[in-house]
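**Q** Below is the file upload.cif, which contains mmCIF, C-alpha atoms.
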```cif
data_input
loop_
_atom_site.group_PDB
_atom_site.id
_atom_site.type_symbol
_atom_site.label_atom_id
_atom_site.label_comp_id
_atom_site.auth_asym_id
_atom_site.auth_seq_id
_atom_site.Cartn_x
_atom_site.Cartn_y
_atom_site.Cartn_z
ATOM 1 C CA MET A 1 0.000 0.000 0.000
ATOM 2 C CA LYS A 2 2.875 2.400 0.786
ATOM 3 C CA THR A 3 4.412 1.716 -2.618
ATOM 4 C CA LEU A 4 1.164 2.498 -4.408
ATOM 5 C CA PHE A 5 0.848 5.747 -2.425
ATOM 6 C CA ARG A 6 4.435 6.742 -3.340
ATOM 7 C CA ILE A 7 3.811 6.039 -7.020
ATOM 8 C CA ALA A 8 0.626 8.118 -6.973
ATOM 9 C CA LEU A 9 2.389 10.950 -5.158
ATOM 10 C CA THR A 10 5.314 10.909 -7.587
ATOM 11 C CA ALA A 11 2.998 10.874 -10.609
ATOM 12 C CA SER A 12 1.058 13.846 -9.211
ATOM 13 C CA ALA A 13 4.267 15.792 -8.593
ATOM 14 C CA LEU A 14 5.481 15.126 -12.138
ATOM 15 C CA MET A 15 2.185 16.279 -13.657
ATOM 16 C CA LEU A 16 2.278 19.488 -11.631
ATOM 17 C CA ALA A 17 5.903 20.094 -12.580
ATOM 18 C CA GLY A 18 5.034 19.685 -16.260
ATOM 19 C CA ALA A 19 2.302 22.275 -16.016
ATOM 20 C CA ALA A 20 4.614 24.659 -14.185
ATOM 21 C CA MET A 21 7.265 24.291 -16.882
ATOM 22 C CA ALA A 22 4.940 25.513 -19.643
ATOM 23 C CA ALA A 23 6.162 29.063 -20.135
ATOM 24 C CA PRO A 24 3.771 31.809 -21.120
ATOM 25 C CA ARG A 25 4.505 33.344 -24.485
ATOM 26 C CA THR A 26 4.633 36.961 -25.494
ATOM 27 C CA VAL A 27 3.993 38.170 -29.009
ATOM 28 C CA THR A 28 4.196 41.650 -30.500
ATOM 29 C CA LEU A 29 1.702 42.548 -33.207
ATOM 30 C CA ASN A 30 1.810 45.397 -35.711
ATOM 31 C CA VAL A 31 -1.784 46.644 -35.891
ATOM 32 C CA GLU A 32 -3.161 48.816 -38.724
ATOM 33 C CA ASN A 33 -6.055 51.317 -38.857
ATOM 34 C CA VAL A 34 -5.500 52.614 -35.322
ATOM 35 C CA SER A 35 -6.348 56.185 -36.193
ATOM 36 C CA CYS A 36 -8.501 57.592 -33.384
ATOM 37 C CA ALA A 37 -8.567 57.848 -29.609
ATOM 38 C CA THR A 38 -10.917 54.873 -29.240
ATOM 39 C CA CYS A 39 -9.082 52.487 -31.584
ATOM 40 C CA ALA A 40 -6.270 51.372 -29.251
ATOM 41 C CA PRO A 41 -8.687 50.588 -26.391
ATOM 42 C CA ILE A 42 -10.848 48.571 -28.792
ATOM 43 C CA VAL A 43 -7.834 46.543 -29.931
ATOM 44 C CA LYS A 44 -6.859 45.957 -26.305
ATOM 45 C CA ARG A 45 -10.393 44.854 -25.396
ATOM 46 C CA VAL A 46 -10.638 42.479 -28.391
ATOM 47 C CA LEU A 47 -7.359 40.783 -27.489
ATOM 48 C CA SER A 48 -8.060 40.709 -23.734
ATOM 49 C CA ARG A 49 -11.308 38.787 -24.256
ATOM 50 C CA ILE A 50 -9.584 35.843 -25.933
ATOM 51 C CA PRO A 51 -9.314 32.824 -23.607
ATOM 52 C CA GLY A 52 -5.675 32.253 -22.699
ATOM 53 C CA VAL A 53 -4.624 35.906 -22.963
ATOM 54 C CA SER A 54 -3.276 37.183 -19.658
ATOM 55 C CA ARG A 55 -1.990 40.693 -20.478
ATOM 56 C CA VAL A 56 -2.266 43.184 -23.349
ATOM 57 C CA THR A 57 -0.615 46.546 -23.893
ATOM 58 C CA VAL A 58 -1.317 48.665 -26.951
ATOM 59 C CA VAL A 59 0.755 51.688 -27.974
ATOM 60 C CA GLU A 60 -0.626 53.852 -30.800
ATOM 61 C CA ASP A 61 1.600 55.852 -33.142
ATOM 62 C CA SER A 62 0.461 57.633 -36.317
ATOM 63 C CA GLY A 63 -2.323 55.326 -37.451
ATOM 64 C CA MET A 64 -0.479 52.161 -36.436
ATOM 65 C CA ALA A 65 -0.174 50.424 -33.097
ATOM 66 C CA THR A 66 2.023 47.884 -31.429
ATOM 67 C CA ALA A 67 0.188 45.357 -29.285
ATOM 68 C CA THR A 68 2.190 43.234 -26.871
ATOM 69 C CA VAL A 69 0.225 40.179 -25.779
ATOM 70 C CA ALA A 70 1.103 37.637 -23.076
ATOM 71 C CA PHE A 71 -0.776 34.376 -23.577
ATOM 72 C CA ASP A 72 -0.914 30.666 -22.859
ATOM 73 C CA ASP A 73 0.189 28.929 -26.042
ATOM 74 C CA GLU A 74 -1.810 25.852 -25.098
ATOM 75 C CA LYS A 75 -5.025 27.898 -25.353
ATOM 76 C CA VAL A 76 -4.407 30.380 -28.160
ATOM 77 C CA THR A 77 -2.026 30.922 -31.087
ATOM 78 C CA PRO A 78 -0.486 34.108 -32.494
ATOM 79 C CA GLU A 79 -2.514 33.449 -35.653
ATOM 80 C CA ALA A 80 -5.743 33.506 -33.617
ATOM 81 C CA LEU A 81 -4.684 36.842 -32.100
ATOM 82 C CA THR A 82 -4.070 38.413 -35.509
ATOM 83 C CA GLN A 83 -7.356 36.983 -36.794
ATOM 84 C CA ALA A 84 -9.241 38.529 -33.857
ATOM 85 C CA THR A 85 -7.895 42.028 -34.526
ATOM 86 C CA THR A 86 -8.480 41.643 -38.259
ATOM 87 C CA ASN A 87 -12.085 40.578 -37.646
ATOM 88 C CA ALA A 88 -12.534 43.720 -35.535
ATOM 89 C CA GLY A 89 -11.325 45.925 -38.418
ATOM 90 C CA TYR A 90 -7.718 46.271 -37.304
ATOM 91 C CA PRO A 91 -5.549 44.001 -39.473
ATOM 92 C CA SER A 92 -2.403 42.855 -37.714
ATOM 93 C CA THR A 93 0.715 40.836 -38.315
ATOM 94 C CA VAL A 94 3.147 39.191 -35.948
ATOM 95 C CA LYS A 95 6.176 41.406 -35.443
ATOM 96 C CA ASP A 96 7.934 39.366 -32.772
ATOM 97 C CA GLY A 97 7.131 36.357 -30.613
ATOM 98 C CA LYS A 98 9.112 34.788 -27.803
ATOM 99 C CA SER A 99 8.769 32.796 -24.618
ATOM 100 C CA SER A 100 8.614 34.689 -21.348
ATOM 101 C CA SER A 101 10.356 33.666 -18.200
#
```
What is this file in structure tokens?
**A**
Amino acid sequence: MKTLFRIALTASALMLAGAAMAAPRTVTLNVENVSCATCAPIVKRVLSRIPGVSRVTVVEDSGMATATVAFDDEKVTPEALTQATTNAGYPSTVKDGKSSS
């Protein structure tokens, strides 16, 4: 019985460690059509509502914006992020993507 308990405990610890090792990702998007005071907040809201997104910052500059998005890559992809902004009228492309620590 003790051996079975140890095996179960070890398996649980390994599963938790695997989940903890999954690093959140950060991607930077170039976003078009951000030309008014309400555009950047709309882009931020669209991205923030996507399941798996944990943080969004949007910086507007002369009709363009840079959106930096932290997300769980097991729940959402950079392609889904760009599709969401495009569907909202703000086409975007991936500028940079990396793993966060």
**Q** So how many Å separate CA of Val27 in chain A and CA of Glu74 in chain A, to one decimal?
**A** 14.2 Å
**Q** Hey, which of A:Thr38, A:Val31, A:Thr86, A:Asp73 ends up closest to Pro51 in chain A? Count all atoms listed in the file.
**A** A:Asp73
**Q** Report, in Å with one decimal, the straight-line distance from CA of Pro91 in chain A to CA of Arg55 in chain A.
**A**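 The value is 19.6 Å.
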**Q** Excluding Thr68 in chain A and its own-chain neighbours fewer than 5 positions away, which residues fall within 12 Å of it when counting all atoms listed in the file? Please give them as a PyMOL selection string.
**A** chain A and resi 25-31+40+43-44+47-48+53-60+78+81-82+92-98
**Q** Can you work out which one of A:Ala80, A:Val34, A:Ile42, A:Ile50 has the shortest atom-to-atom distance to Thr66 in chain A, counting only C-alpha atoms?
**A**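 Between A:Ala80, A:Val34, A:Ile42, A:Ile50, the residue approaching Thr66 in chain A most closely is A:Val34.
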**Q** Box along x, y and z, 4 Å on every side, all listed atoms of range 25-31 of chain A inside: centre and edge lengths in Å to one decimal, as JSON.
**A**
```
{"center_x": 1.4, "center_y": 40.0, "center_z": -30.2, "size_x": 14.4, "size_y": 21.3, "size_z": 19.4}
```
**Q** Restricting the calculation to all atoms listed in the file: of A:Val76, A:Ala70, A:Ala65, A:Ala88, which residue gets closest to Ser35 in chain A?
**A**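 The closest residue to Ser35 in chain A is A:Ala65.
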**Q** Between CA of Ser62 in chain A and CA of Arg49 in chain A, what is the distance, to one decimal in Å?
**A**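 Value for the CA of Ser62 in chain A-CA of Arg49 in chain A distance: 25.3 Å.
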**Q** Of the candidates A:Gly63, A:Pro24, A:Val69, A:Lys75, which shows the shortest atom-to-atom distance to Arg45 in chain A, using only C-alpha atoms?
**A**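 Of A:Gly63, A:Pro24, A:Val69, A:Lys75, the one nearest Arg45 in chain A, counting only C-alpha atoms, is A:Val69.
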**Q** For Thr85 in chain A, which residue among A:Asn33, A:Cys39, A:Phe71, A:Val46 is the nearest when counting only C-alpha atoms?
**A** A:Val46
**Q** Which residue, A:Asp72, A:Glu32, A:Gln83, A:Tyr90, has the smallest gap to Gly52 in chain A when you use all atoms listed in the file?
**A**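 That would be A:Asp72, the residue with the smallest distance to Gly52 in chain A.
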